[in-house]
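Contents: one structure, followed by commentary.
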Amino acid sequence: MSAEIIDGKAAAARLRARVGEIAAAFEAVAGRKAGLAVVLVGADPASSVYVKSKGKATVAANMASFEHRLPADTTEADLLALVDALNADPAVDGILVQLPLPKHIRESVVLTRIDPDKDVDGFHPVNAGRLATGLNGFVPCTPLGCLMLLEEQLGDLSGLDAVVIGRSNIVGKPMAALLTKASATVTVAHSRTKDLSSHVARADIVVAAVGIPHFVKGEWIKPGATVIDVGINRTEDGLTGDVDFDGAASVAGAITPVPGGVGPMTIACLLRNTIVAAHRNAGVQLGKDAI
Ligand SMILES: NC(=O)C1=CN([C@@H]2O[C@H](COP(=O)(O)OP(=O)(O)OC[C@H]3O[C@@H](n4cnc5c(N)ncnc54)[C@H](OP(=O)(O)O)[C@@H]3O)[C@@H](O)[C@H]2O)C=CC1
Ligand SMILES: Nc1nc(=O)c2c([nH]1)NC[C@@H]1CN(c3ccc(C(=O)N[C@@H](CCC(=O)O)C(=O)O)cc3)C=[N+]21
């Protein structure tokens, strides 16, 4: 093993502490806490755990957490009514509807109902459009966390060759947009990509967001490259990423582990987006580089 292990847990703890300080200052000025509402439909065990840990992290960062747990047979109309109520609630700065939703509810209808200025997940098409066109908006937490880890590791990314494997709306596409904005040269690979390994072999930065355990092989990686493993796969051997960690760690310059890499940054970035939303919604100034 030669690669440096990127400590996402430590980076996330630093970001959460910084958000906590800013949230305390916000409360003193605004006379209320910044608030995050998290909505869970159904009782999927993994989702339940995430929602609980988001709530704990929110309170630990001096913000108010509003948890809404709805039964699995909740109708789309009832969920939309809750989103409308949260959109109208001045104590709520950020709204997160935990995915996946039960099959009888259309995700795109629900996500599009969230007020874009409370959309701390950055999933609303308005925020996707803002990111694509360089306007201020909310960036999805997972790719934002990946970018923060990359910039902390490498500094300026301009001119670096990056391959993003995966083109989902919540990870791959916004990741590619962020890397493009950071002046990397970006290739987006997906299930129809021909000769994926040849693309990966050229990359200084590899972001794997595929959803297949150990999918990216160590032999594909360019020596010294930085590897960001977004994958969260629950297997018989426990939680594993989308990268063959042992193989990649013997050639990469730096790599994120799973667990302890991108996952903790996702939650820290959610808190970051929420405190930014609170300042905007309350009309309180936040320094440009405050966070
Ligand atoms: N750490 C965190 O905070 C988070 C982790 N995740 C994890 O990240 C991973 C990706 O999530 P998500 O983006 O939502 O997943 P999706 O299933 O939405 O997207 C997967 C992408 O991988 C591509 N893909 C599938 N098979 C191949 C293949 N054989 N070769 C190349 N590309 C392929 C798909 O291509 P195509 O478009 O052609 O189908 C698709 O674009 C999952 O493991 C998920 O659990 C997700 C969110 C947050
Ligand atoms: N509206 C919405 N927004 C999301 O951001 C969202 C979602 N729905 N649905 C599910 C995915 C997944 N996701 C993760 C968050 C944290 C960890 C995380 O903290 N992982 C820990 C391990 C936790 C464990 O042991 O399970 C780690 O990687 O170290 C993982 C995955 C957010 N998602």
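Labels for the structure tokens follow display order: chains A, B, ..., residues from 1 in each chain, ligands from 1.
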### Task
Using only C-alpha atoms and all ligand atoms, determine which residues fall within 9 Å of ligand 2, then list them as a ChimeraX atom specification.
/A:8-9,38-39,46-47,49-50,53-54,95-101,111,120-123,140-142,170,230-232,234,238-241,257-267,270
Export, as a short mmCIF file (atom, residue, chain, number, x, y, z; two decimals), in the first residue's frame, the selected residues with N, CA and C atoms.
data_model
loop_
_atom_site.label_atom_id
_atom_site.label_comp_id
_atom_site.auth_asym_id
_atom_site.auth_seq_id
_atom_site.Cartn_x
_atom_site.Cartn_y
_atom_site.Cartn_z
N GLY A 8 -11.90 11.34 5.34
CA GLY A 8 -13.15 12.09 5.17
C GLY A 8 -13.85 12.34 6.49
N LYS A 9 -13.65 11.44 7.43
CA LYS A 9 -14.30 11.61 8.73
C LYS A 9 -13.73 12.84 9.45
N VAL A 38 -36.22 17.06 7.86
CA VAL A 38 -35.91 15.83 7.14
C VAL A 38 -37.17 14.97 7.13
N VAL A 39 -37.55 14.52 5.92
CA VAL A 39 -38.79 13.75 5.76
C VAL A 39 -38.42 12.33 5.34
N ALA A 46 -31.85 1.28 6.56
CA ALA A 46 -30.69 2.12 6.24
C ALA A 46 -31.10 3.59 6.25
N SER A 47 -32.24 3.90 5.61
CA SER A 47 -32.71 5.29 5.57
C SER A 47 -32.99 5.81 6.97
N VAL A 49 -31.54 4.97 9.74
CA VAL A 49 -30.27 5.27 10.41
C VAL A 49 -29.72 6.61 9.92
N TYR A 50 -29.76 6.83 8.58
CA TYR A 50 -29.27 8.10 8.02
C TYR A 50 -30.03 9.28 8.60
N SER A 53 -29.00 10.00 12.12
CA SER A 53 -27.67 10.61 12.27
C SER A 53 -27.67 12.05 11.72
N LYS A 54 -28.48 12.32 10.69
CA LYS A 54 -28.60 13.70 10.21
C LYS A 54 -29.18 14.59 11.30
N ILE A 95 -34.97 21.72 3.47
CA ILE A 95 -35.86 20.55 3.44
C ILE A 95 -35.14 19.43 2.71
N LEU A 96 -35.12 18.24 3.34
CA LEU A 96 -34.56 17.06 2.68
C LEU A 96 -35.61 15.96 2.73
N VAL A 97 -35.99 15.46 1.57
CA VAL A 97 -36.87 14.29 1.51
C VAL A 97 -35.98 13.10 1.20
N GLN A 98 -35.87 12.19 2.16
CA GLN A 98 -34.94 11.07 2.02
C GLN A 98 -35.34 10.16 0.84
N LEU A 99 -34.37 9.83 0.01
CA LEU A 99 -34.58 8.92 -1.11
C LEU A 99 -33.98 7.55 -0.74
N PRO A 100 -34.45 6.47 -1.30
CA PRO A 100 -35.54 6.40 -2.27
C PRO A 100 -36.91 6.51 -1.60
N LEU A 101 -37.91 6.97 -2.38
CA LEU A 101 -39.30 7.02 -1.91
C LEU A 101 -40.00 5.73 -2.32
N LEU A 111 -39.60 16.20 -5.51
CA LEU A 111 -38.38 17.03 -5.45
C LEU A 111 -38.61 18.39 -6.10
N VAL A 120 -31.79 22.11 0.14
CA VAL A 120 -30.40 21.94 0.58
C VAL A 120 -29.75 20.66 0.01
N ASP A 121 -30.55 19.77 -0.56
CA ASP A 121 -30.01 18.61 -1.29
C ASP A 121 -29.51 19.02 -2.68
N GLY A 122 -30.00 20.14 -3.17
CA GLY A 122 -29.62 20.59 -4.52
C GLY A 122 -30.19 19.74 -5.64
N PHE A 123 -31.31 19.05 -5.39
CA PHE A 123 -31.88 18.14 -6.39
C PHE A 123 -32.91 18.81 -7.30
N PRO A 140 -25.60 19.59 -4.84
CA PRO A 140 -25.82 18.32 -4.13
C PRO A 140 -24.64 17.98 -3.20
N CYS A 141 -24.99 17.49 -2.01
CA CYS A 141 -24.02 17.37 -0.91
C CYS A 141 -22.89 16.39 -1.22
N THR A 142 -23.20 15.27 -1.88
CA THR A 142 -22.15 14.27 -2.10
C THR A 142 -21.06 14.78 -3.05
N ILE A 170 -27.86 12.91 -9.01
CA ILE A 170 -27.46 13.30 -7.65
C ILE A 170 -25.96 13.20 -7.40
N VAL A 230 -17.21 6.98 -4.17
CA VAL A 230 -18.51 7.43 -3.66
C VAL A 230 -19.38 6.24 -3.25
N GLY A 231 -19.06 5.07 -3.75
CA GLY A 231 -19.94 3.91 -3.57
C GLY A 231 -20.24 3.55 -2.12
N ILE A 232 -21.48 3.21 -1.88
CA ILE A 232 -21.90 2.68 -0.58
C ILE A 232 -22.64 1.39 -0.88
N ARG A 234 -23.73 -2.35 0.58
CA ARG A 234 -23.80 -3.26 1.73
C ARG A 234 -23.66 -4.69 1.22
N GLY A 238 -19.65 -6.59 4.66
CA GLY A 238 -19.83 -5.27 5.27
C GLY A 238 -19.94 -4.20 4.21
N LEU A 239 -19.70 -2.94 4.63
CA LEU A 239 -19.85 -1.80 3.73
C LEU A 239 -18.63 -1.68 2.83
N THR A 240 -18.82 -1.64 1.51
CA THR A 240 -17.68 -1.46 0.60
C THR A 240 -18.02 -0.43 -0.46
N GLY A 241 -16.98 0.13 -1.03
CA GLY A 241 -17.15 1.15 -2.06
C GLY A 241 -17.24 0.55 -3.45
N PRO A 257 -11.37 6.05 1.76
CA PRO A 257 -11.85 4.74 2.20
C PRO A 257 -13.38 4.72 2.27
N VAL A 258 -13.96 3.54 2.30
CA VAL A 258 -15.38 3.36 2.61
C VAL A 258 -15.47 2.30 3.68
N PRO A 259 -16.01 2.57 4.86
CA PRO A 259 -16.54 3.87 5.29
C PRO A 259 -15.43 4.86 5.66
N GLY A 260 -15.83 6.09 6.00
CA GLY A 260 -14.88 7.08 6.49
C GLY A 260 -14.33 8.01 5.43
N GLY A 261 -14.93 7.99 4.22
CA GLY A 261 -14.46 8.87 3.14
C GLY A 261 -15.53 9.89 2.79
N VAL A 262 -16.20 9.64 1.67
CA VAL A 262 -17.18 10.60 1.14
C VAL A 262 -18.44 10.67 2.01
N GLY A 263 -18.87 9.54 2.57
CA GLY A 263 -20.13 9.49 3.33
C GLY A 263 -20.24 10.57 4.41
N PRO A 264 -19.26 10.65 5.31
CA PRO A 264 -19.35 11.67 6.36
C PRO A 264 -19.36 13.09 5.80
N MET A 265 -18.67 13.32 4.67
CA MET A 265 -18.67 14.65 4.05
C MET A 265 -20.05 15.02 3.52
N THR A 266 -20.82 14.01 3.08
CA THR A 266 -22.16 14.28 2.57
C THR A 266 -23.01 14.94 3.65
N ILE A 267 -22.96 14.39 4.85
CA ILE A 267 -23.78 14.94 5.94
C ILE A 267 -23.25 16.32 6.36
N LEU A 270 -24.48 18.83 3.95
CA LEU A 270 -25.91 19.12 4.17
C LEU A 270 -26.06 20.22 5.22
#
### Residues near Ile275 of chain A, cut-off 12 Å, only C-alpha atoms, skip fewer than 3 positions along chain, as a PyMOL selection string
chain A and resi 15-16+18-27+30+33-36+58+61-64+92-94+117-118+120+138+268-272+278-282+284-286+290-291
File dump, residues just selected, C-alpha atoms, as a JSON list (two decimals), in the first residue's frame:
[["chain", "number", "residue", "atom", "x", "y", "z"],
["A", 15, "LEU", "CA", -16.53, 21.27, 8.49],
["A", 16, "ARG", "CA", -19.25, 20.45, 11.04],
["A", 18, "ARG", "CA", -17.10, 25.42, 11.42],
["A", 19, "VAL", "CA", -20.82, 25.20, 10.56],
["A", 20, "GLY", "CA", -21.58, 25.00, 14.28],
["A", 21, "GLU", "CA", -19.70, 28.25, 14.95],
["A", 22, "ILE", "CA", -21.45, 30.02, 12.10],
["A", 23, "ALA", "CA", -24.83, 28.65, 13.23],
["A", 24, "ALA", "CA", -24.28, 30.01, 16.76],
["A", 25, "ALA", "CA", -23.44, 33.43, 15.30],
["A", 26, "PHE", "CA", -26.52, 33.21, 13.06],
["A", 27, "GLU", "CA", -28.76, 32.52, 16.06],
["A", 30, "ALA", "CA", -31.35, 36.32, 13.63],
["A", 33, "LYS", "CA", -31.85, 28.83, 15.05],
["A", 34, "ALA", "CA", -31.31, 27.75, 11.47],
["A", 35, "GLY", "CA", -33.66, 24.81, 10.83],
["A", 36, "LEU", "CA", -33.47, 21.62, 8.77],
["A", 58, "THR", "CA", -27.93, 19.06, 12.95],
["A", 61, "ALA", "CA", -24.14, 22.06, 14.93],
["A", 62, "ASN", "CA", -26.45, 24.45, 16.85],
["A", 63, "MET", "CA", -29.32, 24.12, 14.39],
["A", 64, "ALA", "CA", -32.92, 22.96, 14.85],
["A", 92, "VAL", "CA", -37.49, 25.75, 8.24],
["A", 93, "ASP", "CA", -34.51, 26.85, 6.13],
["A", 94, "GLY", "CA", -33.72, 23.51, 4.51],
["A", 117, "ASP", "CA", -34.25, 28.23, -1.89],
["A", 118, "LYS", "CA", -34.86, 25.53, 0.77],
["A", 120, "VAL", "CA", -30.40, 21.94, 0.58],
["A", 138, "PHE", "CA", -27.44, 24.66, -3.80],
["A", 268, "ALA", "CA", -21.37, 17.78, 6.78],
["A", 269, "CYS", "CA", -22.19, 19.43, 3.43],
["A", 270, "LEU", "CA", -25.91, 19.12, 4.17],
["A", 271, "LEU", "CA", -25.33, 21.17, 7.33],
["A", 272, "ARG", "CA", -23.21, 23.59, 5.33],
["A", 278, "ALA", "CA", -30.66, 30.21, 6.64],
["A", 279, "HIS", "CA", -28.54, 33.30, 5.94],
["A", 280, "ARG", "CA", -30.18, 33.78, 2.54],
["A", 281, "ASN", "CA", -33.70, 33.19, 3.82],
["A", 282, "ALA", "CA", -33.24, 35.53, 6.81],
["A", 284, "VAL", "CA", -28.34, 37.91, 7.02],
["A", 285, "GLN", "CA", -24.98, 38.49, 5.35],
["A", 286, "LEU", "CA", -22.52, 35.58, 5.22],
["A", 290, "ALA", "CA", -16.90, 31.98, 5.30],
["A", 291, "ILE", "CA", -17.54, 28.36, 4.49]]
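By only C-alpha atoms, and with residues fewer than 4 positions from Ser197 of chain A along its chain excluded, the set lying at most 12 Å from it is Val163, Ile165, Ala189, His190, Thr193, Ala201, Arg202, Ala203, Val206, Phe215, Val216, Lys217, Gly218, Glu219, Trp220, Ile221 and Lys222 of chain A.
Here atom CA of Asp195 of chain A is placed at a distance of 22.6 Å from atom 44 (C, counted along the ligand's line) of ligand 1.
Here atom CA of Val227 of chain A and atom CA of Ile255 of chain A stand 4.6 Å from one another.
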### Query
Could you pull out the helix (DSSP H, G or I) residues of segment 88-175 of chain A from DSSP and send them as an MDAnalysis selection string?
chainID A and resid 88 107:113 116:118 125:133 141:154 172:175
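Shortest separation to His104 of chain A among A:Leu135, A:Leu160, A:Met175, A:Leu79 occurs at residue A:Leu79, atoms counted being only C-alpha atoms.
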### Query
Expressed in Å to a single decimal, how great is the separation between atom CA of Leu144 of chain A and atom CA of Leu70 of chain A?
28.7 Å
### Task
Using only C-alpha atoms, determine which residues lie at most 7 Å from Thr112 of chain A, disregarding the query and same-chain residues fewer than 2 positions distant; provide the list as a list in words.
Ser108, Val109, Val110, Ile114, His124 and Pro125 of chain A
The selected residues should be written to file as an mmCIF file, in the first residue's frame (atoms: C-alpha atoms).
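Writing the result to result25.cif gives the following:
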data_model
loop_
_atom_site.group_PDB
_atom_site.id
_atom_site.type_symbol
_atom_site.label_atom_id
_atom_site.label_comp_id
_atom_site.auth_asym_id
_atom_site.auth_seq_id
_atom_site.Cartn_x
_atom_site.Cartn_y
_atom_site.Cartn_z
ATOM 1 C CA SER A 108 -39.435 14.015 -9.508
ATOM 2 C CA VAL A 109 -42.851 15.444 -8.573
ATOM 3 C CA VAL A 110 -41.894 15.643 -4.903
ATOM 4 C CA ILE A 114 -39.525 21.836 -2.716
ATOM 5 C CA HIS A 124 -34.431 20.669 -7.740
ATOM 6 C CA PRO A 125 -34.039 21.314 -11.500
#
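Shortest atom-to-atom contact with ligand 1 among A:Ala17, A:Val210, A:Ile105, A:Leu147: A:Val210, counting only C-alpha atoms and all ligand atoms.
Among the candidate residues A:Ala12, A:Val59, A:Ala162, A:Ala81, the one lying nearest to ligand 1 is A:Ala12, with distances computed using only C-alpha atoms and all ligand atoms.
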### Message
Using only C-alpha atoms and all ligand atoms for the distances, tell me which of A:Asp229, A:Glu67, A:Glu236, A:Asp289 is nearest to ligand 1.
### Response
A:Asp229
